[in-house]
file my_file14.json (JSON, C-alpha atoms)
[["chain", "number", "residue", "atom", "x", "y", "z"],
["A", 1, "MET", "CA", 94.53, 100.48, 117.62],
["A", 2, "ARG", "CA", 96.59, 103.39, 118.99],
["A", 3, "LEU", "CA", 99.80, 101.39, 118.56],
["A", 4, "PHE", "CA", 98.85, 100.68, 114.93],
["A", 5, "MET", "CA", 98.35, 104.42, 114.27],
["A", 6, "VAL", "CA", 101.67, 105.30, 115.88],
["A", 7, "LEU", "CA", 103.50, 102.62, 113.88],
["A", 8, "THR", "CA", 101.83, 103.80, 110.67],
["A", 9, "VAL", "CA", 102.87, 107.41, 111.26],
["A", 10, "VAL", "CA", 106.43, 106.40, 112.14],
["A", 11, "THR", "CA", 106.67, 104.16, 109.08],
["A", 12, "LEU", "CA", 105.40, 106.87, 106.74],
["A", 13, "ALA", "CA", 107.76, 109.42, 108.25],
["A", 14, "ALA", "CA", 110.71, 107.05, 107.85],
["A", 15, "CYS", "CA", 109.82, 106.44, 104.22],
["A", 16, "GLY", "CA", 109.41, 110.10, 103.40],
["A", 17, "GLY", "CA", 105.63, 110.21, 103.71],
["A", 18, "ALA", "CA", 102.86, 108.79, 101.63],
["A", 19, "PRO", "CA", 103.83, 108.13, 98.01],
["A", 20, "THR", "CA", 103.06, 110.87, 95.54],
["A", 21, "THR", "CA", 101.45, 109.68, 92.35],
["A", 22, "VAL", "CA", 101.91, 111.66, 89.16],
["A", 23, "ASN", "CA", 100.19, 109.99, 86.21],
["A", 24, "SER", "CA", 100.92, 112.61, 83.57],
["A", 25, "PRO", "CA", 103.34, 115.46, 83.01],
["A", 26, "GLY", "CA", 100.38, 117.66, 82.13],
["A", 27, "ALA", "CA", 100.17, 120.31, 79.45],
["A", 28, "ALA", "CA", 103.43, 121.98, 80.52],
["A", 29, "GLY", "CA", 105.39, 118.79, 79.82],
["A", 30, "PHE", "CA", 107.90, 116.63, 81.61],
["A", 31, "ASP", "CA", 110.65, 119.25, 81.58],
["A", 32, "ALA", "CA", 108.42, 121.66, 83.53],
["A", 33, "MET", "CA", 107.92, 119.17, 86.37],
["A", 34, "SER", "CA", 109.80, 119.53, 89.63],
["A", 35, "GLY", "CA", 112.42, 116.93, 90.56],
["A", 36, "PRO", "CA", 110.08, 115.13, 92.99],
["A", 37, "GLN", "CA", 107.27, 115.17, 90.40],
["A", 38, "LYS", "CA", 109.57, 113.70, 87.75],
["A", 39, "MET", "CA", 110.71, 111.00, 90.16],
["A", 40, "ALA", "CA", 107.12, 110.14, 91.12],
["A", 41, "PHE", "CA", 106.07, 110.06, 87.47],
["A", 42, "MET", "CA", 108.99, 107.86, 86.45],
["A", 43, "LYS", "CA", 108.55, 105.48, 89.40],
["A", 44, "GLY", "CA", 104.77, 105.36, 89.32],
["A", 45, "THR", "CA", 104.04, 105.41, 85.58],
["A", 46, "VAL", "CA", 107.01, 105.11, 83.24],
["A", 47, "ALA", "CA", 109.04, 102.40, 84.98],
["A", 48, "PRO", "CA", 106.14, 100.00, 85.59],
["A", 49, "GLU", "CA", 104.75, 100.39, 82.06],
["A", 50, "MET", "CA", 108.12, 100.07, 80.35],
["A", 51, "LYS", "CA", 109.09, 97.12, 82.55],
["A", 52, "VAL", "CA", 106.07, 95.25, 81.18],
["A", 53, "GLU", "CA", 107.00, 96.21, 77.59],
["A", 54, "PHE", "CA", 110.67, 95.26, 77.90],
["A", 55, "GLN", "CA", 110.01, 92.01, 79.74],
["A", 56, "ALA", "CA", 107.36, 91.02, 77.16],
["A", 57, "PHE", "CA", 109.98, 91.66, 74.47],
["A", 58, "ASP", "CA", 112.76, 89.73, 76.23],
["A", 59, "GLY", "CA", 112.04, 88.41, 79.70],
["A", 60, "HIS", "CA", 115.54, 87.00, 80.06],
["A", 61, "ASP", "CA", 117.61, 90.08, 79.23],
["A", 62, "TYR", "CA", 115.20, 92.43, 81.02],
["A", 63, "ALA", "CA", 114.33, 90.25, 84.01],
["A", 64, "ALA", "CA", 115.96, 92.81, 86.33],
["A", 65, "PHE", "CA", 114.44, 95.90, 84.68],
["A", 66, "ASP", "CA", 114.89, 99.00, 86.87],
["A", 67, "CYS", "CA", 116.05, 102.63, 86.63],
["A", 68, "LYS", "CA", 119.55, 101.53, 85.58],
["A", 69, "THR", "CA", 118.17, 99.76, 82.50],
["A", 70, "CYS", "CA", 117.63, 103.11, 80.79],
["A", 71, "HIS", "CA", 119.54, 105.60, 82.92],
["A", 72, "GLY", "CA", 122.70, 103.55, 83.46],
["A", 73, "ALA", "CA", 124.79, 102.90, 86.54],
["A", 74, "GLY", "CA", 124.60, 106.56, 87.55],
["A", 75, "ALA", "CA", 120.95, 106.05, 88.50],
["A", 76, "SER", "CA", 122.12, 104.39, 91.72],
["A", 77, "ALA", "CA", 123.73, 107.70, 92.69],
["A", 78, "GLY", "CA", 120.76, 109.80, 91.56],
["A", 79, "ASN", "CA", 122.07, 110.69, 88.08],
["A", 80, "PHE", "CA", 119.20, 110.27, 85.62],
["A", 81, "LYS", "CA", 120.63, 112.43, 82.83],
["A", 82, "MET", "CA", 119.58, 111.44, 79.34],
["A", 83, "PRO", "CA", 120.67, 110.62, 76.72],
["A", 84, "ASN", "CA", 122.65, 107.86, 78.36],
["A", 85, "PRO", "CA", 126.06, 107.09, 76.78],
["A", 86, "ASP", "CA", 125.93, 103.61, 78.39],
["A", 87, "LEU", "CA", 123.10, 102.60, 76.04],
["A", 88, "PRO", "CA", 124.01, 101.29, 72.58],
["A", 89, "ARG", "CA", 125.25, 104.09, 70.32],
["A", 90, "LEU", "CA", 123.16, 104.46, 67.19],
["A", 91, "ASP", "CA", 124.24, 104.91, 63.58],
["A", 92, "VAL", "CA", 122.44, 108.20, 62.95],
["A", 93, "ALA", "CA", 124.81, 109.22, 60.14],
["A", 94, "HIS", "CA", 123.57, 106.30, 58.02],
["A", 95, "ALA", "CA", 119.87, 106.46, 59.05],
["A", 96, "PHE", "CA", 120.31, 103.52, 61.46],
["A", 97, "THR", "CA", 121.18, 101.17, 58.56],
["A", 98, "LYS", "CA", 123.87, 99.32, 60.52],
["A", 99, "ASP", "CA", 121.66, 99.11, 63.61],
["A", 100, "ARG", "CA", 118.76, 97.65, 61.62],
["A", 101, "ALA", "CA", 121.11, 95.11, 60.00],
["A", 102, "THR", "CA", 122.72, 93.93, 63.24],
["A", 103, "HIS", "CA", 119.74, 94.27, 65.63],
["A", 104, "PRO", "CA", 116.55, 94.14, 63.56],
["A", 105, "LYS", "CA", 114.23, 92.86, 66.32],
["A", 106, "GLU", "CA", 115.50, 95.41, 68.84],
["A", 107, "MET", "CA", 115.17, 98.28, 66.37],
["A", 108, "GLU", "CA", 111.63, 97.20, 65.48],
["A", 109, "PHE", "CA", 110.73, 96.98, 69.18],
["A", 110, "MET", "CA", 112.20, 100.40, 69.92],
["A", 111, "GLN", "CA", 110.56, 102.08, 66.94],
["A", 112, "HIS", "CA", 107.11, 100.53, 67.23],
["A", 113, "GLU", "CA", 106.74, 99.94, 70.97],
["A", 114, "VAL", "CA", 109.15, 102.01, 73.09],
["A", 115, "GLN", "CA", 109.24, 105.28, 71.15],
["A", 116, "PRO", "CA", 105.46, 105.72, 70.75],
["A", 117, "ARG", "CA", 104.77, 104.58, 74.33],
["A", 118, "MET", "CA", 107.35, 106.95, 75.82],
["A", 119, "ALA", "CA", 106.18, 109.85, 73.63],
["A", 120, "LYS", "CA", 102.61, 109.30, 74.78],
["A", 121, "MET", "CA", 103.55, 109.04, 78.46],
["A", 122, "LEU", "CA", 105.66, 112.20, 78.23],
["A", 123, "GLY", "CA", 102.87, 114.03, 76.41],
["A", 124, "GLN", "CA", 105.06, 114.66, 73.36],
["A", 125, "PRO", "CA", 104.68, 113.88, 69.68],
["A", 126, "GLU", "CA", 106.95, 111.20, 68.28],
["A", 127, "HIS", "CA", 110.07, 112.42, 66.50],
["A", 128, "SER", "CA", 109.40, 112.82, 62.78],
["A", 129, "ALA", "CA", 110.02, 115.26, 59.94],
["A", 130, "ALA", "CA", 106.89, 117.11, 61.05],
["A", 131, "HIS", "CA", 108.00, 117.00, 64.72],
["A", 132, "PRO", "CA", 111.82, 117.19, 64.77],
["A", 133, "ASP", "CA", 111.73, 118.04, 68.49],
["A", 134, "GLY", "CA", 109.40, 115.12, 69.30],
["A", 135, "PHE", "CA", 110.48, 112.16, 71.43],
["A", 136, "GLY", "CA", 112.78, 109.81, 69.55],
["A", 137, "CYS", "CA", 115.80, 107.54, 69.66],
["A", 138, "MET", "CA", 118.26, 110.26, 70.51],
["A", 139, "ASP", "CA", 116.40, 111.25, 73.67],
["A", 140, "CYS", "CA", 117.82, 108.07, 75.22],
["A", 141, "HIS", "CA", 120.71, 106.99, 73.00],
["A", 142, "THR", "CA", 123.81, 108.80, 71.78],
["A", 143, "ALA", "CA", 125.19, 108.70, 68.24],
["A", 144, "ALA", "CA", 127.95, 106.35, 67.10],
["A", 145, "GLN", "CA", 131.10, 108.12, 66.00]]
call {"tool": "encode", "arguments": {"input": "my_file14.json", "output": "structure tokens"}}
result
Amino acid sequence: MRLFMVLTVVTLAACGGAPTTVNSPGAAGFDAMSGPQKMAFMKGTVAPEMKVEFQAFDGHDYAAFDCKTCHGAGASAGNFKMPNPDLPRLDVAHAFTKDRATHPKEMEFMQHEVQPRMAKMLGQPEHSAAHPDGFGCMDCHTAAQ
């Protein structure tokens, strides 16, 4: 039993301690969270929930869903800056007309599944005329030139 306790303590110390779970950004919002809180929230809530959503949408293209799916290759080096220029650039100037024409299923999925789910998890309203600072497409994507 003593050996088990020692091994448990050593394992936890090697892994940085017991995992911290953050289920919500709280009233202050995601931006007010500390770096470790944001990481715990993203790893413990956002990534698992969005992995289910993306894989249900397209299990083939999103079979390897992880931090890089949204944050790009920089995520491997700890760069989680958003919006991510590696994601598809969106036709904001023409109200997404070209995007809807060329990728209708993806645009529908993003608008009706991803955007509302992310807004809710982040404790923000969805982007709209009434909430221009709410969570929307341009929080993740950049605009096409």
call {"tool": "atom_distance", "arguments": {"input": "my_file14.json", "atom1": "CA of Gln124 in chain A", "atom2": "CA of Lys98 in chain A"}}
result
27.5 Å
call {"tool": "atom_distance", "arguments": {"input": "my_file14.json", "atom1": "CA of Met110 in chain A", "atom2": "CA of Gly35 in chain A"}}
result
26.4 Å
call {"tool": "atom_distance", "arguments": {"input": "my_file14.json", "atom1": "CA of His141 in chain A", "atom2": "CA of Leu90 in chain A"}}
result
6.8 Å
call {"tool": "residues_around", "arguments": {"input": "my_file14.json", "residues": "Glu106 in chain A", "least_positions_apart": "4", "cutoff": "12 Å", "atoms": "all atoms listed in the file", "output": "VMD selection string"}}
result
chain A and resid 54 57 to 58 61 88 90 96 99 to 102 110 to 115
call {"tool": "residues_near_point", "arguments": {"input": "my_file14.json", "point": "(109.8, 109.0, 64.9)", "cutoff": "12 Å", "atoms": "only C-alpha atoms", "output": "PyMOL selection string"}}
result
chain A and resi 95+108+110-119+124-139
call {"tool": "closest_residue", "arguments": {"input": "my_file14.json", "among": "A:Met82, A:Ala64, A:Val46, A:Met39", "to": "Lys120 in chain A", "atoms": "all atoms listed in the file"}}
result
A:Val46
call {"tool": "axis_aligned_box", "arguments": {"input": "my_file14.json", "around": "range 29-34 of chain A", "padding_each_side": "8 Å", "output": "lines of an AutoDock Vina configuration file"}}
result
center_x = 108.0
center_y = 119.1
center_z = 84.7
size_x = 21.3
size_y = 21.0
size_z = 25.8
call {"tool": "residues_around", "arguments": {"input": "my_file14.json", "residues": "Leu122 in chain A", "least_positions_apart": "6", "cutoff": "8 Å", "atoms": "all atoms listed in the file", "output": "JSON list (two decimals) with C-alpha atoms, in the frame of the given file"}}
result
[["chain", "number", "residue", "atom", "x", "y", "z"],
["A", 24, "SER", "CA", 100.92, 112.61, 83.57],
["A", 25, "PRO", "CA", 103.34, 115.46, 83.01],
["A", 29, "GLY", "CA", 105.39, 118.79, 79.82],
["A", 30, "PHE", "CA", 107.90, 116.63, 81.61]]
